Amino acid sequence: MENTKQPLHSGRLIIVAYRLPFKLIRENDEVQLFQNSGGLVSAVLSLVNDQKEPIFSSAERIQWVGFSENTPEELEGQSLENDDFQAHPVFISDEVNENYYEGFCNNLIWPLCHYFPSLARFEEAYYDAYKVANRLFYDKVAEIIQPGDVVWVQDYQLMLLPDMIRQRFPENKIGFFFHIPFPSFELFRLLPVAWRKAIVDGILGADVVGFHTNDYVEYFLKAARLVSGYGNKLHYINMSNRIIKVDSFPISIDFHKFNDAFEEPEVAVARNDARNSLKEKIIFSVDRLDYSKGIIHRLRGYQRFLENCPEWHEKVSFVMVVVPSRDTIEQYQQMKSDIDQTVGRINADYGNIYWQPIIYQYRSMPYHELVGMYTASDVALITPVRDGMNLVCKEYVASRKDRQGVLILSEMAGAAAELGEALIINPLDQQDIADAIKTAFEMPIEEQTKRMDAMRERILDYDVFAWTNDFFTQMTMLELEHERLRQVFLTNSGIDSIRKAYQSSTNRILFFDYDGTLAPIVPDPAKAIISEDVKKLIQEIAKKDTVIIISGRDRHFLDQLFADMPVHIIAEHGALTRTKGSSEWQLNESYEENWKDSIRPIMQIYAKRCPGAFVEEKETALAWHYRTADEKEYANRRAQELLWQLKNYIQPELNLQVIDGNKVVEVKKTAFNKGTAARIFVENGNYDFVLAIGDDTTDEDMFEALPDDSFTIKIGDDLSAARNHIRSQEEVFHFLDFMVSAIGE
């Protein structure tokens, strides 16, 4: 039945992944699509088939762009479709694919992201092929994309693609999901400079960027800051003309598929066969052959258990299934040989004619047999040394409709962040694994059920369908955020409406930032002096209205400039206030001393490392200026490193805020900012006209804190909470001059 409810997105969904989820078979001169039953395919289908909240229209087929090994090139241009999908094969030559997929993807990115840098091969030919292949995927997307279509790019094989699409089709929504761990910056920076920048900028072509865990999000944000200079606020990256949301979306499974399988006849037979043929306690593991799965460490942990617990001999069967993968590659052949030998040695050392401690099989498992083993086993032993998520553990939990069994899970798996009721172990610690097996065998049924219920509820609530919906909900929320921060440049009619509002009001208050607003930004902050024309204009306005100069500058600088003017002054982002006609400065009551000594040395070290940078000590803040630094590119890099170090160093209880300003990094107390200071003034007066103008990130606090009917103006084209923009600091004088000319002397 076709869904009649209005979908969230009016355009089509285009999935771009390395592989097509279909086999393309020619029969009687027609090509048939044989669809895989994988979780991603089911989740994608839910985006159009959800009867309550469809994301995309079910009237449109989902477009899927991908490589297919069994697709003859003569099929190019043919319509390859079934009821749900239309396939668009990408044709990659064997030579390019060898260097692209086996080379760059599997011999470099995979080991680097899984913390095996010694296995990573940095070949120029790999990267060249990677660029060529990403361009081939782009060409196919460019052939089919239409206005309003949403493109969802999948995984590390296509990291350059989002920006390629963005450059040509800036109006289309683009998502990107990274399915493996994103590494810490210390590993990511091993990539050549040009490669790492292309990867970061490529991914940032997307509107929403997804990772499995918050750790991976933070690692990527650090890379974005240190490689390309993009900071973030609450996981939003503001790229001036658009914003990007970077967030965690832990991929999951179809809970009901595995839960319901418990009672399927084939599964019940497999479960009973396992229980009848195996020992009193059953441990089960299943993995693809890969060095990231920790198979050897798992075996050694089990061996330690057998050493420590002779009372369990002849009472336990460890069923270990390894699924063949890349076994034509020498490294993987060696890994299989090591596994074979280790299994043989353990069975020889501990087994006997009546008992085999490990039942090891190197093969794929049919679905009913897999779920049969999940539901027969007392323990699932899942010990990857690094895994983006690991869905085997979620399948095991979802299949346990009997609410029994114990999950032993590596802390290095992304799923460990969600499944805290499992016995969490260090996969490299043999004793830890051995102890966990013993604990699992001795765990009372009530405790097993309590833990299993909590994990099952979590997987049920956030299944693979919730995962896809969450991702596209974030995309919709991003559109709302874009709308809130949209750039609306003042036109003549807009300026005239402000002029009329000013003219018709009787009690007005105006807030002016200093640097970049009343005075131009210059290399030496000490030389940023307000012009006589602007000063005279502010003087005239202040005679009629309440005027507040609100700045991050220290009070001494502002005192010198505005001592003879009838204005209020807020210095150091709200920390100090001097009211009109007074010579006394009031320190914000929330200010606390004794924090600078721990921050100053960090800033001073970075100043020494960056010629031309210097530390300014204000009464209530410390500022690291780099506008006058000798090497601009180098200074930007040092600034990003300093920001990152400060944000990681500063503990929440210190109540300190790190500000990424215009060529300045500043630290101050969080209890006050321009917004809190401006709000106090507005709340203490019955004003019928409120205006605020600023150019810096610190002015956003002011724009957001002022009443909704205020006139807030951002200078420049960065996305802002201000309602309006003007293009440059030079226009401020002309705007104000025209506005106040509505009222004669």
# chains A, B, ... in the order shown; residues from 1 in each chain; ligands from 1
>>> residues_around(residues="Asn492 in chain A", least_positions_apart="4", cutoff="12 Å", atoms="only C-alpha atoms", output="MDAnalysis selection string")
chainID A and resid 496:499 726 734:735 738:739
>>> closest_atom_pairs(of="range 142-233 of chain A", to="range 689-706 of chain A", cutoff="12 Å", atoms="only C-alpha atoms", output="tab-separated table")
residue	atom	partner	partner_atom	distance
A:Gly231	CA	A:Thr697	CA	11.4
A:Asn232	CA	A:Thr697	CA	11.4
A:Lys233	CA	A:Thr697	CA	10.6
>>> closest_residue(among="A:Gly205, A:Pro523, A:Gly229, A:Gly552", to="Ile570 in chain A", atoms="only C-alpha atoms")
A:Gly552
>>> residues_around(residues="His297 in chain A", least_positions_apart="2", cutoff="12 Å", atoms="only C-alpha atoms", output="ChimeraX atom specification")
/A:291-295,299-304,338-339,342-343,381-385,410,425-434
>>> write_last_selection(atoms="C-alpha atoms", output="compact mmCIF listing (two decimals), in the first residue's frame")
# COMPACT_ATOMS: atom_id res chain seq x y z
CA TYR A 291 43.48 -8.66 12.19
CA SER A 292 41.13 -6.12 13.82
CA LYS A 293 38.94 -8.89 15.28
CA GLY A 294 41.42 -10.00 17.97
CA ILE A 295 40.97 -13.72 17.25
CA LEU A 299 42.16 -17.82 21.91
CA ARG A 300 44.95 -16.98 24.34
CA GLY A 301 42.42 -15.61 26.81
CA TYR A 302 40.44 -18.85 26.56
CA GLN A 303 43.68 -20.80 27.02
CA ARG A 304 44.37 -18.82 30.21
CA ASP A 338 48.40 -18.65 13.10
CA ILE A 339 44.77 -19.28 14.11
CA THR A 342 46.86 -21.90 18.01
CA VAL A 343 43.58 -23.85 17.93
CA LEU A 381 32.78 -13.90 23.29
CA ILE A 382 33.39 -10.81 21.12
CA THR A 383 36.88 -9.38 21.45
CA PRO A 384 37.91 -7.09 18.56
CA VAL A 385 41.04 -5.03 19.19
CA SER A 410 35.72 -5.75 24.03
CA ILE A 425 37.03 -6.56 28.80
CA ASN A 426 40.37 -5.42 27.42
CA PRO A 427 40.87 -7.71 24.40
CA LEU A 428 44.66 -7.66 24.82
CA ASP A 429 44.49 -8.80 28.46
CA GLN A 430 44.43 -12.60 28.60
CA GLN A 431 43.67 -12.65 32.30
CA ASP A 432 40.79 -10.20 31.86
CA ILE A 433 39.23 -12.48 29.23
CA ALA A 434 39.78 -15.58 31.41
>>> select_by_dssp(residues="range 77-113 of chain A", states="alpha helix (DSSP H)", output="list in words")
Asp94, Glu95, Val96, Asn97, Trp110, Pro111, Leu112 and Cys113 of chain A
>>> write_last_selection(atoms="N, CA and C atoms", output="PDB file, in the first residue's frame")
ATOM      1  N   ASP A  94      39.990  -2.952 -13.708  1.00  0.00           N
ATOM      2  CA  ASP A  94      40.657  -3.815 -12.724  1.00  0.00           C
ATOM      3  C   ASP A  94      41.903  -3.143 -12.147  1.00  0.00           C
ATOM      4  N   GLU A  95      42.661  -2.462 -13.011  1.00  0.00           N
ATOM      5  CA  GLU A  95      43.909  -1.837 -12.559  1.00  0.00           C
ATOM      6  C   GLU A  95      43.622  -0.725 -11.554  1.00  0.00           C
ATOM      7  N   VAL A  96      42.643   0.136 -11.881  1.00  0.00           N
ATOM      8  CA  VAL A  96      42.288   1.221 -10.954  1.00  0.00           C
ATOM      9  C   VAL A  96      41.711   0.647  -9.670  1.00  0.00           C
ATOM     10  N   ASN A  97      40.844  -0.362  -9.800  1.00  0.00           N
ATOM     11  CA  ASN A  97      40.187  -0.922  -8.616  1.00  0.00           C
ATOM     12  C   ASN A  97      41.187  -1.598  -7.686  1.00  0.00           C
ATOM     13  N   TRP A 110      42.065   1.218   6.019  1.00  0.00           N
ATOM     14  CA  TRP A 110      41.570   0.213   6.977  1.00  0.00           C
ATOM     15  C   TRP A 110      42.563  -0.014   8.131  1.00  0.00           C
ATOM     16  N   PRO A 111      43.843  -0.341   7.860  1.00  0.00           N
ATOM     17  CA  PRO A 111      44.755  -0.539   9.009  1.00  0.00           C
ATOM     18  C   PRO A 111      44.987   0.734   9.816  1.00  0.00           C
ATOM     19  N   LEU A 112      45.028   1.888   9.154  1.00  0.00           N
ATOM     20  CA  LEU A 112      45.267   3.130   9.890  1.00  0.00           C
ATOM     21  C   LEU A 112      44.112   3.409  10.851  1.00  0.00           C
ATOM     22  N   CYS A 113      42.885   3.237  10.370  1.00  0.00           N
ATOM     23  CA  CYS A 113      41.709   3.526  11.200  1.00  0.00           C
ATOM     24  C   CYS A 113      41.485   2.472  12.283  1.00  0.00           C
TER      25      CYS A 113
END
>>> residues_around(residues="Ala413 in chain A", least_positions_apart="5", cutoff="7 Å", atoms="only C-alpha atoms", output="ChimeraX atom specification")
/A:384,386-390
>>> write_last_selection(atoms="N, CA and C atoms", output="compact mmCIF listing (two decimals), in the first residue's frame")
# COMPACT_ATOMS: atom_id res chain seq x y z
N PRO A 384 37.09 -7.81 19.55
CA PRO A 384 37.91 -7.09 18.56
C PRO A 384 38.90 -6.15 19.24
N ARG A 386 39.85 -3.51 17.70
CA ARG A 386 39.30 -2.22 17.29
C ARG A 386 38.16 -2.50 16.32
N ASP A 387 36.99 -1.95 16.58
CA ASP A 387 35.83 -2.18 15.72
C ASP A 387 34.95 -0.95 15.72
N GLY A 388 34.55 -0.53 14.52
CA GLY A 388 33.72 0.67 14.42
C GLY A 388 32.47 0.58 15.27
N MET A 389 31.75 -0.54 15.14
CA MET A 389 30.57 -0.77 15.97
C MET A 389 30.59 -2.20 16.49
N ASN A 390 30.46 -3.16 15.60
CA ASN A 390 30.31 -4.59 15.83
C ASN A 390 28.85 -4.93 16.05
>>> residues_around(residues="Asp597 in chain A", least_positions_apart="4", cutoff="12 Å", atoms="only C-alpha atoms", output="PDB file with N, CA and C atoms, in the first residue's frame")
ATOM      1  N   GLU A 593      38.748  34.966  40.856  1.00  0.00           N
ATOM      2  CA  GLU A 593      40.177  35.077  40.550  1.00  0.00           C
ATOM      3  C   GLU A 593      40.851  33.689  40.603  1.00  0.00           C
ATOM      4  N   PRO A 601      50.812  29.772  31.357  1.00  0.00           N
ATOM      5  CA  PRO A 601      51.991  29.087  30.802  1.00  0.00           C
ATOM      6  C   PRO A 601      51.719  28.389  29.466  1.00  0.00           C
ATOM      7  N   ILE A 602      50.505  27.852  29.301  1.00  0.00           N
ATOM      8  CA  ILE A 602      50.164  27.179  28.043  1.00  0.00           C
ATOM      9  C   ILE A 602      50.192  28.187  26.904  1.00  0.00           C
ATOM     10  N   MET A 603      49.553  29.340  27.111  1.00  0.00           N
ATOM     11  CA  MET A 603      49.531  30.373  26.080  1.00  0.00           C
ATOM     12  C   MET A 603      50.936  30.899  25.791  1.00  0.00           C
ATOM     13  N   GLN A 604      51.737  31.048  26.833  1.00  0.00           N
ATOM     14  CA  GLN A 604      53.088  31.591  26.632  1.00  0.00           C
ATOM     15  C   GLN A 604      53.950  30.637  25.810  1.00  0.00           C
ATOM     16  N   GLU A 617      47.326  40.064  28.799  1.00  0.00           N
ATOM     17  CA  GLU A 617      46.697  39.768  30.081  1.00  0.00           C
ATOM     18  C   GLU A 617      45.722  40.878  30.408  1.00  0.00           C
ATOM     19  N   ALA A 621      40.579  38.139  31.786  1.00  0.00           N
ATOM     20  CA  ALA A 621      40.744  37.213  30.675  1.00  0.00           C
ATOM     21  C   ALA A 621      42.208  37.156  30.262  1.00  0.00           C
ATOM     22  N   LEU A 622      42.546  36.100  29.523  1.00  0.00           N
ATOM     23  CA  LEU A 622      43.848  35.981  28.872  1.00  0.00           C
ATOM     24  C   LEU A 622      43.598  35.800  27.379  1.00  0.00           C
TER      25      LEU A 622
END
>>> residues_around(residues="Arg456 in chain A", least_positions_apart="2", cutoff="10 Å", atoms="only C-alpha atoms", output="list of chain:residue names")
A:Phe255, A:Asn259, A:Lys394, A:Glu395, A:Tyr396, A:Val397, A:Ala398, A:Ser399, A:Arg400, A:Lys401, A:Arg403, A:Leu419, A:Arg451, A:Met452, A:Asp453, A:Ala454, A:Arg458, A:Ile459, A:Leu460, A:Asp461, A:Tyr462
>>> write_last_selection(atoms="N, CA and C atoms", output="compact mmCIF listing (two decimals), in the first residue's frame")
# COMPACT_ATOMS: atom_id res chain seq x y z
N PHE A 255 15.95 -5.44 15.14
CA PHE A 255 15.75 -6.17 16.40
C PHE A 255 14.70 -7.28 16.22
N ASN A 259 14.88 -11.25 17.08
CA ASN A 259 14.05 -11.67 18.21
C ASN A 259 13.03 -12.72 17.78
N LYS A 394 25.13 -7.15 18.97
CA LYS A 394 23.73 -6.71 18.99
C LYS A 394 22.80 -7.81 18.49
N GLU A 395 23.26 -8.57 17.48
CA GLU A 395 22.46 -9.69 16.99
C GLU A 395 22.29 -10.74 18.09
N TYR A 396 23.35 -10.98 18.83
CA TYR A 396 23.29 -11.97 19.92
C TYR A 396 22.25 -11.53 20.96
N VAL A 397 22.32 -10.29 21.37
CA VAL A 397 21.39 -9.78 22.39
C VAL A 397 19.95 -9.80 21.86
N ALA A 398 19.74 -9.36 20.63
CA ALA A 398 18.38 -9.31 20.07
C ALA A 398 17.78 -10.70 19.91
N SER A 399 18.63 -11.69 19.63
CA SER A 399 18.12 -13.05 19.41
C SER A 399 17.71 -13.75 20.71
N ARG A 400 18.16 -13.19 21.87
CA ARG A 400 17.92 -13.88 23.14
C ARG A 400 16.55 -13.54 23.71
N LYS A 401 15.54 -14.07 23.03
CA LYS A 401 14.17 -13.88 23.49
C LYS A 401 13.94 -14.54 24.85
N ARG A 403 15.93 -14.21 27.24
CA ARG A 403 16.49 -13.24 28.19
C ARG A 403 17.64 -13.83 29.00
N LEU A 419 26.37 -0.90 25.25
CA LEU A 419 26.04 -2.16 25.93
C LEU A 419 26.88 -2.32 27.19
N ARG A 451 20.64 -8.00 33.12
CA ARG A 451 21.56 -7.36 32.16
C ARG A 451 21.02 -7.46 30.74
N MET A 452 20.53 -8.64 30.39
CA MET A 452 20.04 -8.85 29.02
C MET A 452 18.82 -7.97 28.74
N ASP A 453 17.94 -7.82 29.70
CA ASP A 453 16.74 -6.97 29.50
C ASP A 453 17.14 -5.53 29.20
N ALA A 454 18.11 -5.03 29.94
CA ALA A 454 18.53 -3.63 29.74
C ALA A 454 19.12 -3.45 28.35
N ARG A 458 17.46 -1.37 24.95
CA ARG A 458 18.21 -0.31 24.28
C ARG A 458 18.28 -0.56 22.77
N ILE A 459 18.51 -1.81 22.39
CA ILE A 459 18.60 -2.14 20.97
C ILE A 459 17.23 -2.06 20.31
N LEU A 460 16.19 -2.41 21.06
CA LEU A 460 14.83 -2.28 20.53
C LEU A 460 14.49 -0.82 20.28
N ASP A 461 14.86 0.05 21.21
CA ASP A 461 14.54 1.48 21.07
C ASP A 461 15.32 2.13 19.94
N TYR A 462 16.57 1.72 19.77
CA TYR A 462 17.40 2.34 18.73
C TYR A 462 17.87 1.24 17.78
>>> select_by_dssp(residues="range 318-506 of chain A", states="strand (DSSP E or B)", output="MDAnalysis selection string")
chainID A and resid 318:323 352 355 358:362 379:382 387 406:410 413 423:425 489
>>> residues_around(residues="Glu123 in chain A", least_positions_apart="5", cutoff="12 Å", atoms="only C-alpha atoms", output="ChimeraX atom specification")
/A:99-100,102-105,107-109,128-130,191-192,195
>>> closest_atom_pairs(of="range 163-276 of chain A", to="range 474-477 of chain A", cutoff="9 Å", atoms="only C-alpha atoms", output="tab-separated table")
residue	atom	partner	partner_atom	distance
A:Lys173	CA	A:Met475	CA	8.1
A:Ile174	CA	A:Met475	CA	8.8
A:Gly175	CA	A:Met475	CA	7.9
A:Asp207	CA	A:Met475	CA	7.2
A:Val208	CA	A:Met475	CA	6.1
A:Lys245	CA	A:Gln474	CA	7.8
A:Asp247	CA	A:Gln474	CA	8.9
>>> write_last_selection(atoms="C-alpha atoms", output="PDB file, in the first residue's frame")
ATOM      1  CA  LYS A 173      21.343  17.937   0.607  1.00  0.00           C
ATOM      2  CA  ILE A 174      24.275  15.579   1.188  1.00  0.00           C
ATOM      3  CA  GLY A 175      24.872  13.132   4.035  1.00  0.00           C
ATOM      4  CA  ASP A 207      25.604  18.649   5.453  1.00  0.00           C
ATOM      5  CA  VAL A 208      25.426  15.900   8.083  1.00  0.00           C
ATOM      6  CA  LYS A 245      26.387  18.853  11.769  1.00  0.00           C
ATOM      7  CA  ASP A 247      27.296  13.684  15.287  1.00  0.00           C
TER       8      ASP A 247
END
>>> closest_residue(among="A:Gln154, A:Gln729, A:Ser68, A:Asn214", to="Pro520 in chain A", atoms="only C-alpha atoms")
A:Gln729
>>> decode(residues="range 396-492 of chain A", atoms="C-alpha atoms", output="mmCIF file, in the first residue's frame")
data_model
loop_
_atom_site.group_PDB
_atom_site.id
_atom_site.type_symbol
_atom_site.label_atom_id
_atom_site.label_comp_id
_atom_site.auth_asym_id
_atom_site.auth_seq_id
_atom_site.Cartn_x
_atom_site.Cartn_y
_atom_site.Cartn_z
ATOM 1 C CA TYR A 396 23.287 -11.966 19.918
ATOM 2 C CA VAL A 397 21.387 -9.785 22.385
ATOM 3 C CA ALA A 398 18.382 -9.307 20.073
ATOM 4 C CA SER A 399 18.119 -13.047 19.408
ATOM 5 C CA ARG A 400 17.924 -13.879 23.136
ATOM 6 C CA LYS A 401 14.168 -13.882 23.492
ATOM 7 C CA ASP A 402 14.693 -16.202 26.472
ATOM 8 C CA ARG A 403 16.488 -13.241 28.194
ATOM 9 C CA GLN A 404 19.446 -15.451 29.097
ATOM 10 C CA GLY A 405 23.093 -15.655 28.143
ATOM 11 C CA VAL A 406 26.101 -13.452 28.902
ATOM 12 C CA LEU A 407 27.802 -11.092 26.481
ATOM 13 C CA ILE A 408 31.559 -10.608 26.900
ATOM 14 C CA LEU A 409 32.504 -7.575 24.841
ATOM 15 C CA SER A 410 35.724 -5.753 24.033
ATOM 16 C CA GLU A 411 35.959 -2.176 25.245
ATOM 17 C CA MET A 412 37.481 -1.394 21.822
ATOM 18 C CA ALA A 413 34.206 -2.092 19.998
ATOM 19 C CA GLY A 414 31.998 0.912 19.309
ATOM 20 C CA ALA A 415 29.047 -1.064 20.686
ATOM 21 C CA ALA A 416 30.634 -1.067 24.167
ATOM 22 C CA ALA A 417 29.444 2.530 24.593
ATOM 23 C CA GLU A 418 25.834 1.292 24.363
ATOM 24 C CA LEU A 419 26.043 -2.161 25.928
ATOM 25 C CA GLY A 420 27.501 -1.373 29.321
ATOM 26 C CA GLU A 421 25.665 -4.319 30.953
ATOM 27 C CA ALA A 422 27.941 -6.719 29.066
ATOM 28 C CA LEU A 423 31.117 -7.940 30.752
ATOM 29 C CA ILE A 424 33.451 -5.349 29.234
ATOM 30 C CA ILE A 425 37.029 -6.564 28.795
ATOM 31 C CA ASN A 426 40.369 -5.418 27.424
ATOM 32 C CA PRO A 427 40.867 -7.706 24.396
ATOM 33 C CA LEU A 428 44.660 -7.660 24.815
ATOM 34 C CA ASP A 429 44.490 -8.798 28.456
ATOM 35 C CA GLN A 430 44.433 -12.596 28.599
ATOM 36 C CA GLN A 431 43.672 -12.649 32.303
ATOM 37 C CA ASP A 432 40.792 -10.204 31.864
ATOM 38 C CA ILE A 433 39.228 -12.480 29.228
ATOM 39 C CA ALA A 434 39.776 -15.576 31.408
ATOM 40 C CA ASP A 435 38.217 -13.887 34.446
ATOM 41 C CA ALA A 436 35.212 -12.735 32.399
ATOM 42 C CA ILE A 437 34.548 -16.275 31.128
ATOM 43 C CA LYS A 438 34.593 -17.601 34.698
ATOM 44 C CA THR A 439 32.305 -14.761 35.879
ATOM 45 C CA ALA A 440 29.914 -15.454 33.001
ATOM 46 C CA PHE A 441 29.711 -19.181 33.811
ATOM 47 C CA GLU A 442 28.974 -18.416 37.453
ATOM 48 C CA MET A 443 26.466 -15.610 36.840
ATOM 49 C CA PRO A 444 23.000 -16.399 38.284
ATOM 50 C CA ILE A 445 20.084 -16.525 35.838
ATOM 51 C CA GLU A 446 18.448 -13.515 37.549
ATOM 52 C CA GLU A 447 21.572 -11.414 36.944
ATOM 53 C CA GLN A 448 21.795 -12.581 33.317
ATOM 54 C CA THR A 449 18.175 -11.609 32.758
ATOM 55 C CA LYS A 450 18.584 -8.210 34.387
ATOM 56 C CA ARG A 451 21.563 -7.364 32.165
ATOM 57 C CA MET A 452 20.044 -8.846 29.018
ATOM 58 C CA ASP A 453 16.745 -6.972 29.502
ATOM 59 C CA ALA A 454 18.530 -3.634 29.740
ATOM 60 C CA MET A 455 20.561 -4.282 26.584
ATOM 61 C CA ARG A 456 17.580 -5.653 24.655
ATOM 62 C CA GLU A 457 15.475 -2.626 25.514
ATOM 63 C CA ARG A 458 18.205 -0.311 24.278
ATOM 64 C CA ILE A 459 18.599 -2.142 20.968
ATOM 65 C CA LEU A 460 14.830 -2.284 20.529
ATOM 66 C CA ASP A 461 14.542 1.479 21.071
ATOM 67 C CA TYR A 462 17.402 2.340 18.731
ATOM 68 C CA ASP A 463 17.270 -0.254 15.971
ATOM 69 C CA VAL A 464 18.532 0.146 12.414
ATOM 70 C CA PHE A 465 15.321 1.932 11.414
ATOM 71 C CA ALA A 466 15.720 4.443 14.232
ATOM 72 C CA TRP A 467 19.307 4.922 13.022
ATOM 73 C CA THR A 468 18.274 5.975 9.520
ATOM 74 C CA ASN A 469 15.442 8.126 10.851
ATOM 75 C CA ASP A 470 17.770 9.797 13.339
ATOM 76 C CA PHE A 471 20.236 10.668 10.582
ATOM 77 C CA PHE A 472 17.620 12.312 8.372
ATOM 78 C CA THR A 473 15.915 13.994 11.321
ATOM 79 C CA GLN A 474 19.261 15.678 12.010
ATOM 80 C CA MET A 475 19.354 16.756 8.377
ATOM 81 C CA THR A 476 15.929 18.369 8.795
ATOM 82 C CA MET A 477 16.986 20.045 12.041
ATOM 83 C CA LEU A 478 20.049 21.358 10.235
ATOM 84 C CA GLU A 479 17.750 23.019 7.692
ATOM 85 C CA LEU A 480 15.953 24.726 10.586
ATOM 86 C CA GLU A 481 19.296 25.846 12.025
ATOM 87 C CA HIS A 482 20.264 27.209 8.602
ATOM 88 C CA GLU A 483 16.991 29.115 8.525
ATOM 89 C CA ARG A 484 17.698 30.542 11.970
ATOM 90 C CA LEU A 485 21.191 31.613 10.934
ATOM 91 C CA ARG A 486 20.338 32.607 7.386
ATOM 92 C CA GLN A 487 22.167 35.525 5.815
ATOM 93 C CA VAL A 488 19.753 38.371 5.119
ATOM 94 C CA PHE A 489 21.656 41.384 3.848
ATOM 95 C CA LEU A 490 20.016 44.704 4.482
ATOM 96 C CA THR A 491 18.489 46.212 1.376
ATOM 97 C CA ASN A 492 17.447 49.833 1.005
#
